[in-house]
There are 4 protein chains.
Amino acid sequence: MSEQNEKWLKELMMLAEGSDNIKTEKQARIVEAAIEIFSEKGFAAASTSEIAQKAGVAEGTIFRHYKTKKDLLISIAGPIAVKMAAPFLMREFASKILDLPHEQFRDLLRTIAKDRLQFVRDHFKLLRILIHEIPFQPELLEQTKALFKEIVLKRMEEIIIHFQKKGQVIEAPPWRILRTTASIFIGMVGTRLLLMPDEDIDEDEEIERTLDLIMYGLSPKPKEEQPRST
Amino acid sequence: MSEQNEKWLKELMMLAEGSDNIKTEKQARIVEAAIEIFSEKGFAAASTSEIAQKAGVAEGTIFRHYKTKKDLLISIAGPIAVKMAAPFLMREFASKILDLPHEQFRDLLRTIAKDRLQFVRDHFKLLRILIHEIPFQPELLEQTKALFKEIVLKRMEEIIIHFQKKGQVIEAPPWRILRTTASIFIGMVGTRLLLMPDEDIDEDEEIERTLDLIMYGLSPKPKEEQPRST
Amino acid sequence: MSEQNEKWLKELMMLAEGSDNIKTEKQARIVEAAIEIFSEKGFAAASTSEIAQKAGVAEGTIFRHYKTKKDLLISIAGPIAVKMAAPFLMREFASKILDLPHEQFRDLLRTIAKDRLQFVRDHFKLLRILIHEIPFQPELLEQTKALFKEIVLKRMEEIIIHFQKKGQVIEAPPWRILRTTASIFIGMVGTRLLLMPDEDIDEDEEIERTLDLIMYGLSPKPKEEQPRST
Amino acid sequence: MSEQNEKWLKELMMLAEGSDNIKTEKQARIVEAAIEIFSEKGFAAASTSEIAQKAGVAEGTIFRHYKTKKDLLISIAGPIAVKMAAPFLMREFASKILDLPHEQFRDLLRTIAKDRLQFVRDHFKLLRILIHEIPFQPELLEQTKALFKEIVLKRMEEIIIHFQKKGQVIEAPPWRILRTTASIFIGMVGTRLLLMPDEDIDEDEEIERTLDLIMYGLSPKPKEEQPRST
DNA sequence: AATGAATGAGCCTTCATTCAT
DNA sequence: AATGAATGAAGGCTCATTCAT
């Protein structure tokens, strides 16, 4: 990792902590209310007066803490992307994983998937806001794009290459492998949270079956030994 | 397919045609301008006066054709979901496909993927609007949800089951197979159009390699014969 | 007069007419109300809602005609300076006056004074606004400064020099003569309108006596013939 | 001078000292900042928070010393008018001057002009504020008006009459003589400070030439002896 | 005396919508 | 069908002032 990237990382870590410079209790209430309302009606359709009301503060109080409504949005939505990528930001992320000698690629995917799935559930509204406003807020767009291109993609590439060398993953461009795998999980989460928020299913089982698809695809194995779990 | 669904289908077909009840040239210009601006700034942040200006009509003219701003949105974004699902709406969709005796599942995926990919490219802005406004417009949400659950999912399930019987697709719940496959393609399109809109790559090749992943997964084949297409 | 000045003059004449692009009756009422309120409380302390109310229109109507509150101010205060200087803008101003063979300098001063005094009375509120806002509106400042330096001063200099040659005015820098004379009249008007608005006095007489002071100063004439008019 | 006036005078003297009841260093900084900002943007457009910031104090601190923003203005702009008129407030002003046996009226004018011109230069921003706010603050208006009508005008009338008796000044209503003279000097100062703040000229010379105009007017002397100073 | 977070009224401006022409 | 002036509600934001610390 280049020196420049080192510096970048630090900034990112700070940004990730950024959401925590909430000093007063009122400010916390404002942020909470803003998350609720932004996620419900979208940034543009949300009104500061409604946020103030929900937060139980005067409208002016919002503007004491955030210079503009957009400031409030950025301070809320900005750090969440970094947090989403946080595991990949740890300097030792790749090395740690690669050191575990008998680790299977599948196990790695499972770990990441479960962890991030939990994160998504914990920060659903925030991520909703982020995703929705990214196209309209160049700051968010650039920051998030860079984060995933420079950090997540790079780290995952190292790992994928590692497992390719170990013969656990086919030879294909790492980015395509990452894209496909990520898409499948995102699709899983999206379906779960958006289309069927109420149905409750055995999630571990679902993840396992999805891992099957990722690892072995749709085409049935020629004949005998299918190493699939039931 | 139930009787009720039959009726539904008709409505949908009409809805799909709905965008075509554009009578005057000015109305067409309004729609065009609205698509441009909605997709650029989002529905809530777009102003009817800006639309009117871009369309070269008076502000009042918009409201002669559409009762409200939201009306305009719905009349634009509503039909696009139906059109996106149009191939699956054809009564004969499944039967036609299933009749083609020597069809491979992979070939079917390829055909659908290419067709819909082209559609996405042709209607990028409209789909962008749809996706963005779905969470905030219950009408759009319900309509689209139903469309995919009742039509697309059902039709594809028939087909997947068909190919499972033929031994070309593993035994797994069809919805999971659909979800995974769809996610992969959506991820591919998304990456292409959003993250790297300028890079030009061999798309056919990319589709083929992605089909490889869908069919055979990430795990290398035990030994010799790899039945991959080039 | 240079060519550039010729062009300038035209622009000024247009500006002078500028206040007349009042198209609707409501717009006229807005302008009238704005003059009233700006002059009464000052631009910054005036509120658009108050203006709207006084004009009997909706607040939004103001912004249909004037993009901003400041726009309204400029469109009101901008042309008045030009109108104040209008007599000096006429191309033939100097020549006309200089052609009148037996004209006395004193008569010229009297004519201008009476004319402009009437103008001030007719546009008192507008001039009040102009004078008050000039220091805070660079546009007004520059425009007005240039107007008086380039037009009024120049034209009056020609005339003063003319009368100096005729021996009716002492040899002194024309600008100082102009400044002194103008100051005296401005002081007269100011006193009249600001300090004693209600007292009514014989204005012609007052002007005549003031002309005495301008022409002969405070120092009594040595002895015999005092050519003063009664 | 009436008894009532005597009392008035005392109040005025106190007012004149009023600006000095600045107790703490922070208060001094507030006043300084307020002068700067009031004079720059005008009272209404100035914000207390900006003043606080410039003064380096907390917003609340201003209101500990001045009950309201207007209070701050009055406490700043009020005394300056009195100070401007201070020389005329001295009880012995007229008598002192009139006792100087061989004093010329012209010398008196020169002395006052130079002194007050210096004062204007020293308190330019404050006077700017005063002049600007007088029309909107009845307190300032009444106070200032009374000050000049009751004190300055009265004292100067005595003096003018004195010099009229000595034959140094023509017979004309003293107020008109005062008005004219004052206007000429005000015009001179205004031109100097507002229109051409950067040009540097020989001020003493300028004053002398202006005195010429005041004393002898624009009309050339009949023939030989011109009693003008160089 | 000093602070600065909090207030809420009020400001300028925008906007979807109406309606007379 | 088309216009565009008019509306008035609502929006984001500022500000003088208060008050607990």
# chains A, B, ... in the order shown; residues from 1 in each chain; ligands from 1

call {"tool": "calpha_fit_and_write", "arguments": {"fixed": "chain B", "moving": "chain D", "output": "mmCIF file with C-alpha atoms, in the first residue's frame"}}
result
data_model
loop_
_atom_site.group_PDB
_atom_site.id
_atom_site.type_symbol
_atom_site.label_atom_id
_atom_site.label_comp_id
_atom_site.auth_asym_id
_atom_site.auth_seq_id
_atom_site.Cartn_x
_atom_site.Cartn_y
_atom_site.Cartn_z
ATOM 1 C CA MET D 1 -52.501 -18.977 -14.253
ATOM 2 C CA SER D 2 -55.596 -17.958 -12.376
ATOM 3 C CA GLU D 3 -58.449 -16.067 -13.908
ATOM 4 C CA GLN D 4 -57.729 -13.127 -11.694
ATOM 5 C CA ASN D 5 -54.271 -13.040 -13.055
ATOM 6 C CA GLU D 6 -55.614 -13.030 -16.545
ATOM 7 C CA LYS D 7 -57.449 -9.825 -15.810
ATOM 8 C CA TRP D 8 -54.406 -8.400 -14.182
ATOM 9 C CA LEU D 9 -52.366 -9.104 -17.183
ATOM 10 C CA LYS D 10 -54.661 -7.108 -19.349
ATOM 11 C CA GLU D 11 -54.433 -4.164 -17.048
ATOM 12 C CA LEU D 12 -50.704 -4.420 -17.118
ATOM 13 C CA MET D 13 -50.574 -4.532 -20.857
ATOM 14 C CA MET D 14 -52.671 -1.423 -20.922
ATOM 15 C CA LEU D 15 -50.415 0.201 -18.407
ATOM 16 C CA ALA D 16 -47.500 -0.700 -20.524
ATOM 17 C CA GLU D 17 -49.127 1.080 -23.375
ATOM 18 C CA GLY D 18 -50.061 3.884 -21.016
ATOM 19 C CA SER D 19 -47.040 5.948 -21.688
ATOM 20 C CA ASP D 20 -48.214 6.175 -25.209
ATOM 21 C CA ASN D 21 -51.319 8.179 -24.613
ATOM 22 C CA ILE D 22 -49.284 11.184 -25.466
ATOM 23 C CA LYS D 23 -51.431 13.199 -27.715
ATOM 24 C CA THR D 24 -49.773 16.425 -28.545
ATOM 25 C CA GLU D 25 -46.248 17.304 -29.408
ATOM 26 C CA LYS D 26 -46.025 19.578 -26.391
ATOM 27 C CA GLN D 27 -46.968 16.752 -24.128
ATOM 28 C CA ALA D 28 -44.185 14.682 -25.609
ATOM 29 C CA ARG D 29 -41.753 17.488 -24.919
ATOM 30 C CA ILE D 30 -42.981 17.716 -21.351
ATOM 31 C CA VAL D 31 -42.436 14.016 -20.773
ATOM 32 C CA GLU D 32 -38.999 14.164 -22.291
ATOM 33 C CA ALA D 33 -38.012 17.126 -20.170
ATOM 34 C CA ALA D 34 -39.453 15.555 -17.058
ATOM 35 C CA ILE D 35 -37.473 12.364 -17.594
ATOM 36 C CA GLU D 36 -34.327 14.369 -18.002
ATOM 37 C CA ILE D 37 -34.854 16.437 -14.891
ATOM 38 C CA PHE D 38 -36.355 13.816 -12.620
ATOM 39 C CA SER D 39 -33.464 11.540 -13.383
ATOM 40 C CA GLU D 40 -30.960 14.301 -12.829
ATOM 41 C CA LYS D 41 -32.131 15.795 -9.545
ATOM 42 C CA GLY D 42 -34.719 13.386 -8.284
ATOM 43 C CA PHE D 43 -38.440 13.882 -8.185
ATOM 44 C CA ALA D 44 -38.669 16.001 -5.049
ATOM 45 C CA ALA D 45 -35.880 18.349 -6.043
ATOM 46 C CA ALA D 46 -37.185 18.851 -9.555
ATOM 47 C CA SER D 47 -39.427 21.814 -10.155
ATOM 48 C CA THR D 48 -42.272 21.930 -12.571
ATOM 49 C CA SER D 49 -41.179 25.336 -13.740
ATOM 50 C CA GLU D 50 -37.808 23.939 -14.725
ATOM 51 C CA ILE D 51 -39.497 21.147 -16.588
ATOM 52 C CA ALA D 52 -41.766 23.614 -18.339
ATOM 53 C CA GLN D 53 -38.805 25.724 -19.315
ATOM 54 C CA LYS D 54 -36.823 22.788 -20.646
ATOM 55 C CA ALA D 55 -39.859 21.564 -22.529
ATOM 56 C CA GLY D 56 -40.447 25.001 -23.944
ATOM 57 C CA VAL D 57 -44.007 25.226 -22.709
ATOM 58 C CA ALA D 58 -45.800 27.413 -20.213
ATOM 59 C CA GLU D 59 -45.974 26.313 -16.611
ATOM 60 C CA GLY D 60 -49.702 25.891 -16.812
ATOM 61 C CA THR D 61 -49.485 23.537 -19.747
ATOM 62 C CA ILE D 62 -48.034 20.763 -17.645
ATOM 63 C CA PHE D 63 -51.053 20.822 -15.406
ATOM 64 C CA ARG D 64 -53.383 20.652 -18.345
ATOM 65 C CA HIS D 65 -51.993 17.226 -19.147
ATOM 66 C CA TYR D 66 -51.175 15.990 -15.649
ATOM 67 C CA LYS D 67 -53.243 16.881 -12.661
ATOM 68 C CA THR D 68 -50.293 17.055 -10.312
ATOM 69 C CA LYS D 69 -46.560 16.760 -10.384
ATOM 70 C CA LYS D 70 -46.822 13.312 -8.893
ATOM 71 C CA ASP D 71 -49.220 12.370 -11.653
ATOM 72 C CA LEU D 72 -46.539 13.234 -14.118
ATOM 73 C CA LEU D 73 -44.079 11.050 -12.267
ATOM 74 C CA ILE D 74 -46.386 8.071 -12.109
ATOM 75 C CA SER D 75 -47.318 8.356 -15.741
ATOM 76 C CA ILE D 76 -43.627 8.277 -16.539
ATOM 77 C CA ALA D 77 -42.277 5.769 -14.057
ATOM 78 C CA GLY D 78 -45.266 3.490 -13.857
ATOM 79 C CA PRO D 79 -45.159 1.882 -17.281
ATOM 80 C CA ILE D 80 -41.443 1.347 -17.323
ATOM 81 C CA ALA D 81 -41.581 -1.441 -14.776
ATOM 82 C CA VAL D 82 -44.180 -3.187 -16.866
ATOM 83 C CA LYS D 83 -42.089 -2.761 -19.969
ATOM 84 C CA MET D 84 -39.096 -4.126 -18.166
ATOM 85 C CA ALA D 85 -41.129 -7.210 -17.392
ATOM 86 C CA ALA D 86 -42.834 -7.258 -20.777
ATOM 87 C CA PRO D 87 -41.190 -10.372 -22.196
ATOM 88 C CA PHE D 88 -42.458 -12.317 -19.223
ATOM 89 C CA LEU D 89 -45.927 -10.980 -19.720
ATOM 90 C CA MET D 90 -46.463 -12.621 -23.064
ATOM 91 C CA ARG D 91 -48.857 -15.436 -22.500
ATOM 92 C CA GLU D 92 -46.814 -17.800 -24.554
ATOM 93 C CA PHE D 93 -43.513 -16.832 -22.986
ATOM 94 C CA ALA D 94 -42.876 -19.992 -21.052
ATOM 95 C CA SER D 95 -44.453 -22.407 -23.479
ATOM 96 C CA LYS D 96 -42.565 -20.970 -26.402
ATOM 97 C CA ILE D 97 -39.275 -21.338 -24.649
ATOM 98 C CA LEU D 98 -40.027 -24.750 -23.333
ATOM 99 C CA ASP D 99 -40.991 -26.006 -26.737
ATOM 100 C CA LEU D 100 -37.654 -25.283 -28.257
ATOM 101 C CA PRO D 101 -36.466 -28.867 -27.965
ATOM 102 C CA HIS D 102 -32.721 -28.619 -27.686
ATOM 103 C CA GLU D 103 -32.497 -25.297 -25.907
ATOM 104 C CA GLN D 104 -29.889 -25.130 -23.202
ATOM 105 C CA PHE D 105 -30.586 -23.290 -19.985
ATOM 106 C CA ARG D 106 -27.445 -21.323 -20.524
ATOM 107 C CA ASP D 107 -28.674 -20.170 -23.907
ATOM 108 C CA LEU D 108 -31.905 -19.043 -22.385
ATOM 109 C CA LEU D 109 -30.097 -16.988 -19.777
ATOM 110 C CA ARG D 110 -27.928 -15.451 -22.448
ATOM 111 C CA THR D 111 -30.894 -14.469 -24.545
ATOM 112 C CA ILE D 112 -32.792 -12.898 -21.692
ATOM 113 C CA ALA D 113 -29.712 -11.149 -20.348
ATOM 114 C CA LYS D 114 -28.793 -9.590 -23.648
ATOM 115 C CA ASP D 115 -32.282 -8.523 -24.355
ATOM 116 C CA ARG D 116 -32.885 -6.947 -20.971
ATOM 117 C CA LEU D 117 -29.428 -5.410 -20.877
ATOM 118 C CA GLN D 118 -30.255 -3.640 -24.082
ATOM 119 C CA PHE D 119 -33.515 -2.536 -22.577
ATOM 120 C CA VAL D 120 -31.770 -1.099 -19.553
ATOM 121 C CA ARG D 121 -29.404 0.811 -21.772
ATOM 122 C CA ASP D 122 -32.279 2.154 -23.832
ATOM 123 C CA HIS D 123 -34.276 3.286 -20.832
ATOM 124 C CA PHE D 124 -31.580 4.073 -18.354
ATOM 125 C CA LYS D 125 -32.956 7.382 -17.138
ATOM 126 C CA LEU D 126 -36.454 6.072 -16.782
ATOM 127 C CA LEU D 127 -35.307 3.072 -14.782
ATOM 128 C CA ARG D 128 -33.218 5.360 -12.637
ATOM 129 C CA ILE D 129 -36.302 7.363 -11.817
ATOM 130 C CA LEU D 130 -38.316 4.257 -11.106
ATOM 131 C CA ILE D 131 -35.744 2.780 -8.777
ATOM 132 C CA HIS D 132 -35.323 6.041 -6.960
ATOM 133 C CA GLU D 133 -38.935 6.795 -6.424
ATOM 134 C CA ILE D 134 -40.199 3.325 -5.679
ATOM 135 C CA PRO D 135 -39.567 3.630 -1.937
ATOM 136 C CA PHE D 136 -41.488 6.896 -1.714
ATOM 137 C CA GLN D 137 -44.439 6.159 -3.960
ATOM 138 C CA PRO D 138 -46.498 3.312 -2.577
ATOM 139 C CA GLU D 139 -48.303 3.015 -5.882
ATOM 140 C CA LEU D 140 -45.097 2.294 -7.709
ATOM 141 C CA LEU D 141 -43.893 0.000 -4.984
ATOM 142 C CA GLU D 142 -46.966 -2.175 -4.868
ATOM 143 C CA GLN D 143 -47.363 -2.332 -8.590
ATOM 144 C CA THR D 144 -43.750 -3.249 -9.212
ATOM 145 C CA LYS D 145 -43.571 -5.723 -6.393
ATOM 146 C CA ALA D 146 -46.705 -7.506 -7.564
ATOM 147 C CA LEU D 147 -45.474 -7.494 -11.114
ATOM 148 C CA PHE D 148 -42.308 -9.293 -10.258
ATOM 149 C CA LYS D 149 -43.736 -11.597 -7.675
ATOM 150 C CA GLU D 150 -46.812 -12.581 -9.630
ATOM 151 C CA ILE D 151 -45.533 -12.568 -13.138
ATOM 152 C CA VAL D 152 -41.787 -12.651 -13.523
ATOM 153 C CA LEU D 153 -41.133 -14.957 -10.627
ATOM 154 C CA LYS D 154 -43.955 -17.325 -11.620
ATOM 155 C CA ARG D 155 -42.954 -17.577 -15.246
ATOM 156 C CA MET D 156 -39.338 -18.049 -14.460
ATOM 157 C CA GLU D 157 -40.153 -20.736 -11.903
ATOM 158 C CA GLU D 158 -41.927 -22.779 -14.531
ATOM 159 C CA ILE D 159 -38.934 -22.525 -16.747
ATOM 160 C CA ILE D 160 -36.416 -23.293 -14.049
ATOM 161 C CA ILE D 161 -38.390 -26.319 -12.978
ATOM 162 C CA HIS D 162 -38.498 -27.439 -16.580
ATOM 163 C CA PHE D 163 -34.727 -27.293 -16.832
ATOM 164 C CA GLN D 164 -34.310 -28.937 -13.477
ATOM 165 C CA LYS D 165 -36.368 -31.821 -14.818
ATOM 166 C CA LYS D 166 -34.114 -31.939 -17.833
ATOM 167 C CA GLY D 167 -31.156 -32.180 -15.465
ATOM 168 C CA GLN D 168 -29.571 -28.974 -16.633
ATOM 169 C CA VAL D 169 -30.100 -27.142 -13.355
ATOM 170 C CA ILE D 170 -29.464 -28.360 -9.846
ATOM 171 C CA GLU D 171 -32.257 -29.095 -7.477
ATOM 172 C CA ALA D 172 -32.734 -25.966 -5.417
ATOM 173 C CA PRO D 173 -35.713 -23.704 -4.809
ATOM 174 C CA PRO D 174 -36.364 -21.926 -8.091
ATOM 175 C CA TRP D 175 -36.721 -18.564 -6.397
ATOM 176 C CA ARG D 176 -33.231 -18.855 -5.016
ATOM 177 C CA ILE D 177 -31.873 -19.748 -8.392
ATOM 178 C CA LEU D 178 -33.695 -16.850 -9.942
ATOM 179 C CA ARG D 179 -32.588 -14.467 -7.260
ATOM 180 C CA THR D 180 -28.988 -15.445 -7.571
ATOM 181 C CA THR D 181 -28.935 -15.315 -11.320
ATOM 182 C CA ALA D 182 -30.755 -12.039 -11.476
ATOM 183 C CA SER D 183 -28.500 -10.521 -8.845
ATOM 184 C CA ILE D 184 -25.423 -11.444 -10.808
ATOM 185 C CA PHE D 185 -26.726 -9.833 -13.952
ATOM 186 C CA ILE D 186 -27.983 -6.773 -12.126
ATOM 187 C CA GLY D 187 -24.593 -6.446 -10.479
ATOM 188 C CA MET D 188 -22.962 -6.707 -13.849
ATOM 189 C CA VAL D 189 -25.141 -4.044 -15.391
ATOM 190 C CA GLY D 190 -24.855 -1.788 -12.393
ATOM 191 C CA THR D 191 -21.103 -1.984 -12.355
ATOM 192 C CA ARG D 192 -20.969 -1.356 -16.044
ATOM 193 C CA LEU D 193 -23.318 1.611 -16.132
ATOM 194 C CA LEU D 194 -22.655 3.262 -12.827
ATOM 195 C CA LEU D 195 -19.076 2.631 -11.857
ATOM 196 C CA MET D 196 -17.398 2.545 -15.208
ATOM 197 C CA PRO D 197 -19.676 4.194 -17.726
ATOM 198 C CA ASP D 198 -16.852 5.147 -20.060
ATOM 199 C CA GLU D 199 -14.733 2.030 -20.275
ATOM 200 C CA ASP D 200 -15.686 0.013 -23.264
ATOM 201 C CA ILE D 201 -15.293 -3.720 -23.101
ATOM 202 C CA ASP D 202 -16.307 -6.736 -25.051
ATOM 203 C CA GLU D 203 -19.738 -7.215 -23.666
ATOM 204 C CA ASP D 204 -20.479 -10.557 -25.246
ATOM 205 C CA GLU D 205 -17.288 -11.924 -23.776
ATOM 206 C CA GLU D 206 -18.194 -10.479 -20.389
ATOM 207 C CA ILE D 207 -21.606 -12.068 -20.499
ATOM 208 C CA GLU D 208 -20.112 -15.396 -21.434
ATOM 209 C CA ARG D 209 -17.647 -15.350 -18.567
ATOM 210 C CA THR D 210 -20.385 -14.333 -16.197
ATOM 211 C CA LEU D 211 -22.483 -17.234 -17.418
ATOM 212 C CA ASP D 212 -19.541 -19.476 -16.611
ATOM 213 C CA LEU D 213 -19.619 -18.276 -13.044
ATOM 214 C CA ILE D 214 -23.348 -18.754 -12.849
ATOM 215 C CA MET D 215 -23.210 -22.239 -14.215
ATOM 216 C CA TYR D 216 -20.089 -23.594 -12.551
ATOM 217 C CA GLY D 217 -19.347 -21.387 -9.591
ATOM 218 C CA LEU D 218 -16.015 -20.416 -8.144
ATOM 219 C CA SER D 219 -14.803 -23.838 -7.223
ATOM 220 C CA PRO D 220 -12.445 -25.353 -9.808
ATOM 221 C CA LYS D 221 -13.534 -28.585 -11.436
ATOM 222 C CA PRO D 222 -11.880 -31.633 -9.854
ATOM 223 C CA LYS D 223 -9.629 -32.480 -12.794
ATOM 224 C CA GLU D 224 -9.634 -32.798 -16.588
ATOM 225 C CA GLU D 225 -12.655 -32.068 -18.762
ATOM 226 C CA GLN D 226 -13.938 -28.547 -18.186
ATOM 227 C CA PRO D 227 -17.028 -28.201 -20.302
ATOM 228 C CA ARG D 228 -16.653 -24.452 -20.479
ATOM 229 C CA SER D 229 -17.188 -22.592 -23.650
ATOM 230 C CA THR D 230 -14.258 -20.385 -24.570
#

call {"tool": "closest_atom_pairs", "arguments": {"of": "chain F", "to": "chain C", "cutoff": "7 Å", "atoms": "only C-alpha atoms (C1' of nucleotides)", "output": "tab-separated table"}}
result
residue	atom	partner	partner_atom	distance
F:DA6	C1'	C:Thr61	CA	6.4
F:DT7	C1'	C:Ala58	CA	6.3
F:DG8	C1'	C:Ala58	CA	6.9

call {"tool": "write_last_selection", "arguments": {"atoms": "N, CA and C atoms (P, O5', C5', C4', C3', O3' and C1' of nucleotides)", "output": "PDB file, in the first residue's frame"}}
result
ATOM      1  P    DA F   6     -49.734  39.689 -12.167  1.00  0.00           P
ATOM      2  O5'  DA F   6     -50.265  38.604 -11.139  1.00  0.00           O
ATOM      3  C5'  DA F   6     -51.650  38.314 -11.131  1.00  0.00           C
ATOM      4  C4'  DA F   6     -51.923  37.233 -10.109  1.00  0.00           C
ATOM      5  C3'  DA F   6     -51.308  37.493  -8.728  1.00  0.00           C
ATOM      6  O3'  DA F   6     -52.365  37.701  -7.793  1.00  0.00           O
ATOM      7  C1'  DA F   6     -50.980  35.228  -9.448  1.00  0.00           C
ATOM      8  P    DT F   7     -52.005  37.957  -6.307  1.00  0.00           P
ATOM      9  O5'  DT F   7     -51.997  36.499  -5.721  1.00  0.00           O
ATOM     10  C5'  DT F   7     -53.184  35.706  -5.858  1.00  0.00           C
ATOM     11  C4'  DT F   7     -52.928  34.311  -5.352  1.00  0.00           C
ATOM     12  C3'  DT F   7     -52.420  34.259  -3.904  1.00  0.00           C
ATOM     13  O3'  DT F   7     -53.412  33.664  -3.106  1.00  0.00           O
ATOM     14  C1'  DT F   7     -51.222  32.765  -5.310  1.00  0.00           C
ATOM     15  P    DG F   8     -53.842  34.276  -1.740  1.00  0.00           P
ATOM     16  O5'  DG F   8     -53.167  33.223  -0.761  1.00  0.00           O
ATOM     17  C5'  DG F   8     -53.431  31.836  -0.937  1.00  0.00           C
ATOM     18  C4'  DG F   8     -52.317  31.035  -0.295  1.00  0.00           C
ATOM     19  C3'  DG F   8     -51.762  31.648   1.008  1.00  0.00           C
ATOM     20  O3'  DG F   8     -51.291  30.589   1.818  1.00  0.00           O
ATOM     21  C1'  DG F   8     -50.049  31.438  -0.484  1.00  0.00           C
TER      22       DG F   8
END

call {"tool": "closest_residue", "arguments": {"among": "E:DG4, E:DC15, E:DA20, E:DA9", "to": "chain B", "atoms": "only C-alpha atoms (C1' of nucleotides)"}}
result
E:DC15

call {"tool": "interface_residues", "arguments": {"of": "chain E", "to": "chain B", "cutoff": "9 Å", "atoms": "only C-alpha atoms (C1' of nucleotides)", "output": "mmCIF file with C-alpha atoms (C1' of nucleotides), in the first residue's frame"}}
result
data_model
loop_
_atom_site.group_PDB
_atom_site.id
_atom_site.type_symbol
_atom_site.label_atom_id
_atom_site.label_comp_id
_atom_site.auth_asym_id
_atom_site.auth_seq_id
_atom_site.Cartn_x
_atom_site.Cartn_y
_atom_site.Cartn_z
ATOM 1 C "C1'" DC E 15 -42.974 25.970 -5.732
ATOM 2 C "C1'" DA E 16 -47.100 23.409 -7.211
ATOM 3 C "C1'" DT E 17 -51.226 24.724 -8.570
ATOM 4 C "C1'" DT E 18 -55.172 27.769 -10.281
#

call {"tool": "atom_distance", "arguments": {"atom1": "atom C1' of DT3 of chain E", "atom2": "atom C1' of DA20 of chain F"}}
result
10.3 Å

call {"tool": "select_by_dssp", "arguments": {"residues": "segment 36-161 of chain C", "states": "helix (DSSP H, G or I)", "output": "ChimeraX atom specification"}}
result
/C:36-41,48-55,59-65,69-84,86-89,93-99,105-122,124-136,138-161
